[in-house]
$ cat work15.txt   # compact mmCIF, C-alpha atoms and all ligand atoms
# COMPACT_ATOMS: atom_id res chain seq x y z
CA MET A 110 29.79 -7.24 10.90
CA ASN A 111 30.59 -4.72 8.14
CA LEU A 112 33.75 -6.63 7.34
CA LEU A 113 31.73 -9.81 6.99
CA ARG A 114 29.18 -7.99 4.81
CA ASP A 115 32.00 -6.63 2.61
CA LEU A 116 33.46 -10.11 2.29
CA ILE A 117 30.09 -11.61 1.31
CA ASP A 118 29.57 -8.79 -1.21
CA LEU A 119 32.97 -9.53 -2.70
CA ILE A 120 32.18 -13.21 -3.15
CA ILE A 121 28.53 -12.76 -4.17
CA PRO A 122 28.19 -9.22 -5.60
CA PRO A 123 24.75 -7.72 -4.80
CA LEU A 124 22.54 -7.35 -7.86
CA CYS A 125 19.64 -5.04 -8.58
CA CYS A 126 16.54 -7.02 -7.61
CA VAL A 127 14.73 -5.99 -10.81
CA CYS A 128 17.25 -5.72 -13.68
CA LYS A 129 19.93 -7.98 -12.07
CA ARG A 130 22.70 -5.51 -12.91
CA ARG A 131 25.55 -5.40 -10.39
CA LEU A 132 24.88 -2.67 -7.81
CA LYS A 133 27.28 0.22 -7.34
CA ASN A 134 28.56 1.13 -3.87
CA ASP A 135 25.90 3.79 -3.29
CA GLU A 136 23.05 1.53 -4.43
CA LYS A 137 21.04 -0.86 -2.26
CA ILE A 138 18.49 -3.48 -3.39
CA LEU A 139 17.46 -1.48 -6.49
CA CYS A 140 19.82 0.27 -8.92
CA ASN A 141 19.49 4.03 -9.45
CA ASP A 142 18.46 3.51 -13.06
CA CYS A 143 15.48 1.30 -12.09
CA TYR A 144 14.61 3.70 -9.24
CA SER A 145 14.52 6.64 -11.62
CA ARG A 146 12.12 4.76 -13.90
CA ILE A 147 9.41 4.50 -11.20
CA ARG A 148 6.54 6.66 -12.44
CA LEU A 149 5.19 8.68 -9.52
CA ILE A 150 1.59 9.88 -9.52
CA THR A 151 1.56 13.66 -9.63
CA PRO A 152 -1.43 16.05 -9.83
CA PRO A 153 -4.05 15.91 -11.15
CA TYR A 154 -5.31 12.86 -9.25
CA CYS A 155 -8.67 11.87 -7.78
CA GLU A 156 -9.18 13.68 -4.47
CA ARG A 157 -10.72 10.53 -2.96
CA CYS A 158 -8.88 7.47 -4.29
CA GLY A 159 -5.70 9.03 -5.73
CA ARG A 160 -6.11 7.62 -9.26
CA PRO A 161 -4.44 9.78 -11.92
CA LEU A 162 -6.88 12.08 -13.74
CA PRO A 163 -6.64 13.18 -17.39
CA ASN A 164 -6.96 16.92 -16.70
CA LEU A 165 -7.47 19.56 -14.01
CA ASP A 166 -11.15 20.14 -14.87
CA ILE A 167 -12.33 17.25 -12.72
CA ASN A 168 -11.55 16.46 -9.06
CA VAL A 169 -12.96 12.96 -8.76
CA CYS A 170 -12.54 9.88 -10.97
CA ASN A 171 -15.53 8.10 -12.43
CA THR A 172 -15.30 5.12 -10.11
CA CYS A 173 -15.49 7.44 -7.06
CA ILE A 174 -18.60 9.17 -8.46
CA VAL A 175 -20.34 5.78 -8.52
CA GLU A 176 -18.94 4.48 -5.25
CA LYS A 177 -18.55 6.35 -1.98
CA HIS A 178 -15.64 4.95 0.01
CA PRO A 179 -15.86 4.90 3.81
CA PHE A 180 -12.23 6.09 4.21
CA SER A 181 -11.71 9.81 3.79
CA TYR A 182 -8.66 9.69 1.55
CA VAL A 183 -6.19 7.34 -0.11
CA ARG A 184 -3.06 7.95 -2.15
CA SER A 185 -0.89 5.65 -4.23
CA VAL A 186 2.78 6.14 -4.99
CA SER A 187 2.54 4.95 -8.58
CA PRO A 188 0.33 3.26 -11.16
CA TYR A 189 0.62 -0.55 -10.92
CA GLU A 190 3.13 -1.04 -13.73
CA GLY A 191 6.82 -1.44 -14.55
CA ILE A 192 9.35 -1.26 -11.72
CA ILE A 193 6.73 -0.80 -8.95
CA GLU A 194 4.83 -3.87 -10.14
CA SER A 195 8.08 -5.90 -10.14
CA LEU A 196 8.94 -4.73 -6.61
CA ILE A 197 5.47 -5.65 -5.32
CA ILE A 198 5.60 -9.10 -6.94
CA LEU A 199 9.06 -9.68 -5.42
CA LEU A 200 7.73 -8.66 -2.02
CA LYS A 201 4.54 -10.72 -2.15
CA TYR A 202 5.50 -13.83 -4.03
CA ASN A 203 9.30 -14.14 -4.02
CA GLY A 204 10.15 -13.60 -0.37
CA LYS A 205 12.16 -10.43 -1.11
CA ARG A 206 11.21 -8.59 2.03
CA GLN A 207 13.99 -5.97 1.55
CA THR A 208 11.96 -4.40 -1.26
CA SER A 209 9.58 -3.12 1.47
CA LYS A 210 12.32 -0.60 2.37
CA ILE A 211 12.13 1.00 -1.08
CA LEU A 212 8.35 0.81 -1.33
CA GLY A 213 7.82 2.01 2.26
CA GLY A 214 10.29 4.85 1.68
CA LEU A 215 8.34 6.02 -1.39
CA MET A 216 5.03 5.77 0.52
CA SER A 217 6.37 7.88 3.38
CA LYS A 218 7.48 10.58 0.91
CA VAL A 219 3.88 10.82 -0.35
CA VAL A 220 2.49 11.00 3.19
CA LYS A 221 5.01 13.67 4.23
CA MET A 222 4.13 15.84 1.22
CA GLU A 223 0.37 15.88 1.89
CA GLU A 224 -1.24 18.15 4.48
CA THR A 225 -4.26 15.78 4.59
CA TYR A 226 -2.22 13.14 6.44
CA ARG A 227 -1.09 15.48 9.22
CA ASN A 228 -3.67 14.21 11.74
CA CYS A 229 -2.77 10.53 11.42
CA GLU A 230 -1.87 9.19 14.84
CA LEU A 231 -1.48 5.47 14.20
CA ILE A 232 -0.50 3.08 11.44
CA ILE A 233 -2.56 -0.07 10.91
CA PRO A 234 -1.63 -2.56 8.17
CA VAL A 235 -4.24 -4.61 6.28
CA PRO A 236 -3.90 -8.05 7.90
CA LEU A 237 -3.25 -11.38 6.22
CA HIS A 238 -5.04 -14.51 7.36
CA THR A 239 -2.80 -16.50 9.73
CA THR A 240 -2.55 -19.36 7.20
CA ARG A 241 -1.33 -17.03 4.42
CA LYS A 242 1.02 -15.25 6.82
CA ARG A 243 2.50 -18.58 7.88
CA GLU A 244 3.03 -19.60 4.23
CA ARG A 245 4.64 -16.27 3.29
CA GLY A 246 6.50 -15.84 6.54
CA TYR A 247 5.39 -12.24 6.91
CA ASN A 248 2.61 -9.80 6.13
CA GLN A 249 3.86 -7.48 3.38
CA ALA A 250 1.53 -4.64 4.49
CA GLU A 251 3.04 -4.89 7.97
CA LEU A 252 6.58 -4.60 6.57
CA LEU A 253 5.50 -1.49 4.63
CA GLY A 254 3.83 -0.17 7.79
CA ASN A 255 7.06 -0.67 9.75
CA GLU A 256 8.97 1.45 7.23
CA LEU A 257 6.31 4.16 7.40
CA SER A 258 6.32 4.02 11.18
CA SER A 259 10.05 4.66 11.44
CA GLU A 260 10.07 7.29 8.68
CA LEU A 261 7.06 9.21 10.00
CA ASN A 262 7.61 8.56 13.68
CA ILE A 263 4.06 7.29 14.15
CA PRO A 264 3.38 4.08 16.13
CA ILE A 265 2.17 0.96 14.31
CA ILE A 266 -0.37 -1.53 15.68
CA PRO A 267 0.19 -4.62 13.50
CA ASN A 268 -2.55 -6.73 15.06
CA ALA A 269 -5.36 -4.15 15.37
CA LEU A 270 -7.33 -5.92 12.63
CA ILE A 271 -7.79 -9.66 12.27
CA ARG A 272 -8.57 -11.43 9.00
CA THR A 273 -11.20 -13.92 10.04
CA ARG A 274 -11.56 -15.66 6.68
CA ALA A 275 -8.83 -16.95 4.38
CA THR A 276 -10.15 -15.26 1.23
CA PRO A 277 -8.81 -16.11 -2.23
CA SER A 278 -6.46 -13.52 -3.75
CA GLN A 279 -8.29 -10.43 -5.02
CA THR A 280 -5.96 -9.99 -7.98
CA LYS A 281 -7.86 -11.89 -10.64
CA LEU A 282 -11.41 -11.32 -9.42
CA PRO A 283 -13.89 -9.02 -11.17
CA THR A 284 -15.14 -5.98 -9.19
CA GLU A 285 -18.38 -7.44 -7.82
CA HIS A 286 -16.65 -10.64 -6.73
CA ARG A 287 -13.98 -8.62 -4.95
CA LYS A 288 -16.58 -7.00 -2.73
CA LYS A 289 -18.20 -10.32 -1.84
CA ASN A 290 -14.80 -11.92 -1.35
CA VAL A 291 -13.82 -9.57 1.49
CA LEU A 292 -17.29 -8.94 2.94
CA GLY A 293 -17.11 -9.57 6.67
CA ALA A 294 -13.55 -10.92 6.29
CA PHE A 295 -12.12 -8.68 9.03
CA SER A 296 -12.77 -8.04 12.69
CA ILE A 297 -11.15 -5.80 15.24
CA ASN A 298 -8.81 -7.14 17.86
CA LYS A 299 -10.73 -6.28 21.03
CA ARG A 300 -7.57 -6.53 23.14
CA ARG A 301 -6.06 -3.68 21.10
CA GLN A 302 -9.20 -1.56 20.71
CA GLU A 303 -8.34 0.98 23.41
CA LEU A 304 -5.19 1.84 21.42
CA PHE A 305 -7.06 2.85 18.26
CA SER A 306 -10.57 3.93 19.32
CA GLY A 307 -10.94 7.71 19.03
CA LYS A 308 -7.84 7.90 16.81
CA THR A 309 -7.18 8.91 13.20
CA VAL A 310 -5.65 5.91 11.48
CA LEU A 311 -3.33 5.53 8.50
CA LEU A 312 -4.31 2.23 6.86
CA VAL A 313 -1.53 0.56 4.84
CA ASP A 314 -1.78 -1.89 1.93
CA ASP A 315 0.25 -2.80 -1.14
CA VAL A 316 -2.18 -2.43 -4.06
CA PHE A 317 -5.46 -0.55 -4.51
CA THR A 318 -7.67 -1.98 -7.24
CA THR A 319 -11.36 -1.46 -6.56
CA GLY A 320 -10.82 -0.40 -2.96
CA ALA A 321 -12.87 -3.38 -1.68
CA THR A 322 -10.25 -4.42 0.88
CA LEU A 323 -9.61 -0.90 2.20
CA ASN A 324 -13.39 -0.28 2.31
CA GLU A 325 -13.99 -3.39 4.39
CA CYS A 326 -11.05 -2.70 6.75
CA THR A 327 -12.25 0.90 7.19
CA LYS A 328 -15.80 -0.19 8.02
CA THR A 329 -14.40 -2.62 10.60
CA LEU A 330 -12.17 0.07 12.15
CA ILE A 331 -15.09 2.52 12.31
CA LYS A 332 -17.12 -0.13 14.15
CA GLY A 333 -14.13 -0.23 16.52
CA LYS A 334 -14.68 3.54 17.09
CA THR A 335 -11.76 4.99 15.14
CA THR A 336 -12.39 8.67 14.36
CA ASP A 337 -11.15 8.69 10.78
CA VAL A 338 -9.32 6.40 8.34
CA LEU A 339 -6.92 7.50 5.60
CA GLY A 340 -5.10 5.05 3.34
CA ILE A 341 -1.72 4.79 1.67
CA VAL A 342 -0.74 2.12 -0.87
CA CYS A 343 2.24 1.45 -3.15
CA ALA A 344 0.28 1.24 -6.37
CA VAL A 345 -3.12 1.70 -7.93
CA ALA A 346 -4.27 -0.88 -10.48
CA GLY A 347 -6.98 -0.29 -13.07
CA TRP A 348 -6.08 3.39 -13.29
CA GLU A 349 -6.24 3.39 -17.12
CA LEU A 350 -9.91 2.48 -16.85
CA ALA A 351 -10.61 5.38 -14.50
CA ILE A 352 -8.98 7.83 -16.89
CA LYS A 353 -10.71 6.45 -19.97
CA THR A 354 -14.17 6.69 -18.42
CA SER A 355 -13.44 10.16 -17.02
CA ASP A 356 -12.62 11.35 -20.54
CA LYS A 357 -16.14 10.55 -21.65
CA ARG A 358 -17.76 12.81 -19.09
CA PRO A 359 -19.39 16.03 -20.35
ZN ZN A 401 18.06 -2.17 -11.86
ZN ZN A 402 -11.30 8.09 -7.40

$ encode --input "work15.txt" --output "structure tokens" --more "lines below"
Ligand SMILES: [Zn+2]
Ligand SMILES: [Zn+2]
Amino acid sequence: MNLLRDLIDLIIPPLCCVCKRRLKNDEKILCNDCYSRIRLITPPYCERCGRPLPNLDINVCNTCIVEKHPFSYVRSVSPYEGIIESLIILLKYNGKRQTSKILGGLMSKVVKMEETYRNCELIIPVPLHTTRKRERGYNQAELLGNELSSELNIPIIPNALIRTRATPSQTKLPTEHRKKNVLGAFSINKRRQELFSGKTVLLVDDVFTTGATLNECTKTLIKGKTTDVLGIVCAVAGWELAIKTSDKRP
């Protein structure tokens, strides 16, 4: 198989999925230069939603002061920008499922570094509606969950949650519409409930914007008797807004 792979690589040299430069022998999917340009979120960040904060004087971003999320914690690898944004777009809209290896790898590094995640017993991905999953061929959150599962050695239950409504994409909707859009859009899979009731769950998604999707999934899981829900995502969007408003606080 390796010989065949080498032969294919010789005929069609593998390129970096973002900058299209020819990959070196030690590089896979993404070149080292692009990888090094991924901006990781480092402290200080919001202790609830993981958004970057402007200084160490505050623990919580302005959006989390206004809204109390039902999950106990969520972290993002990076702001939604640059290389991370390109990788997520390739994963969601261009069929490049291999990018989930890079994104999932980065997510697992964040989880491993944080004491808060130690009690997570199960991984549950945010589900896609069956129609969307059929169109895309896969659920990107499930692919990310698979990477996390093998890196962290925690089992994944891909079908614990069911998306009961085919909701329009959240990406371009304003905050209030996002909430309505996903309201009641999920239910638990009763045939899997005994696997996750009484457990602390790590909920996986690609992008965190207002938190509407993670909020709704968490509420559904809590109805299904999970003990606690923590989240991990690749990127947080709208983080500039959170910082700007935080700056104005006394
Ligand atoms: Zn590159
Ligand atoms: Zn926050």

$ closest_residue --input "work15.txt" --among "A:Thr319, A:Ser296, A:Asn141, A:Thr172" --to "ligand ZN 402 (chain A)" --atoms "all atoms listed in the file"
A:Thr172

$ closest_atom_pairs --input "work15.txt" --of "chain A" --to "ligand ZN 401 (chain A)" --cutoff "7 Å" --atoms "all atoms listed in the file" --output "JSON lines"
{"residue": "A:Cys125", "atom": "CA", "partner": "A:ZN401", "partner_atom": "ZN", "distance": 4.6}
{"residue": "A:Cys126", "atom": "CA", "partner": "A:ZN401", "partner_atom": "ZN", "distance": 6.6}
{"residue": "A:Val127", "atom": "CA", "partner": "A:ZN401", "partner_atom": "ZN", "distance": 5.2}
{"residue": "A:Cys128", "atom": "CA", "partner": "A:ZN401", "partner_atom": "ZN", "distance": 4.1}
{"residue": "A:Lys129", "atom": "CA", "partner": "A:ZN401", "partner_atom": "ZN", "distance": 6.1}
{"residue": "A:Arg130", "atom": "CA", "partner": "A:ZN401", "partner_atom": "ZN", "distance": 5.8}
{"residue": "A:Leu139", "atom": "CA", "partner": "A:ZN401", "partner_atom": "ZN", "distance": 5.4}
{"residue": "A:Cys140", "atom": "CA", "partner": "A:ZN401", "partner_atom": "ZN", "distance": 4.2}
{"residue": "A:Asn141", "atom": "CA", "partner": "A:ZN401", "partner_atom": "ZN", "distance": 6.8}
{"residue": "A:Asp142", "atom": "CA", "partner": "A:ZN401", "partner_atom": "ZN", "distance": 5.8}
{"residue": "A:Cys143", "atom": "CA", "partner": "A:ZN401", "partner_atom": "ZN", "distance": 4.3}

$ closest_residue --input "work15.txt" --among "A:Cys343, A:Cys155, A:Ala321, A:Leu132" --to "ligand ZN 402 (chain A)" --atoms "all atoms listed in the file"
A:Cys155

$ closest_atom_pairs --input "work15.txt" --of "region 233-301 of chain A" --to "region 182-201 of chain A" --cutoff "10 Å" --atoms "all atoms listed in the file" --output "CSV"
residue,atom,partner,partner_atom,distance
A:Arg245,CA,A:Lys201,CA,7.8
A:Tyr247,CA,A:Lys201,CA,9.2
A:Asn248,CA,A:Lys201,CA,8.6
A:Gln249,CA,A:Lys201,CA,6.4
A:Ala250,CA,A:Lys201,CA,9.5
A:Leu252,CA,A:Leu200,CA,9.6

$ residues_near_ligand --input "work15.txt" --ligand "ligand ZN 402 (chain A)" --cutoff "8 Å" --atoms "only C-alpha atoms and all ligand atoms" --output "ChimeraX atom specification"
/A:154-160,169-174,351

$ axis_aligned_box --input "work15.txt" --around "region 167-180 of chain A" --padding-each-side "8 Å" --output "lines of an AutoDock Vina configuration file"
center_x = -15.9
center_y = 10.9
center_z = -4.3
size_x = 24.8
size_y = 28.8
size_z = 32.9

$ residues_around --input "work15.txt" --residues "Lys332 (chain A)" --least-positions-apart "4" --cutoff "9 Å" --atoms "only C-alpha atoms" --output "list in words"
Ile297, Thr327 and Lys328 of chain A

$ residues_near_point --input "work15.txt" --point "(-5.3, 8.3, 16.5)" --cutoff "10 Å" --atoms "all atoms listed in the file" --output "count of residues only"
19
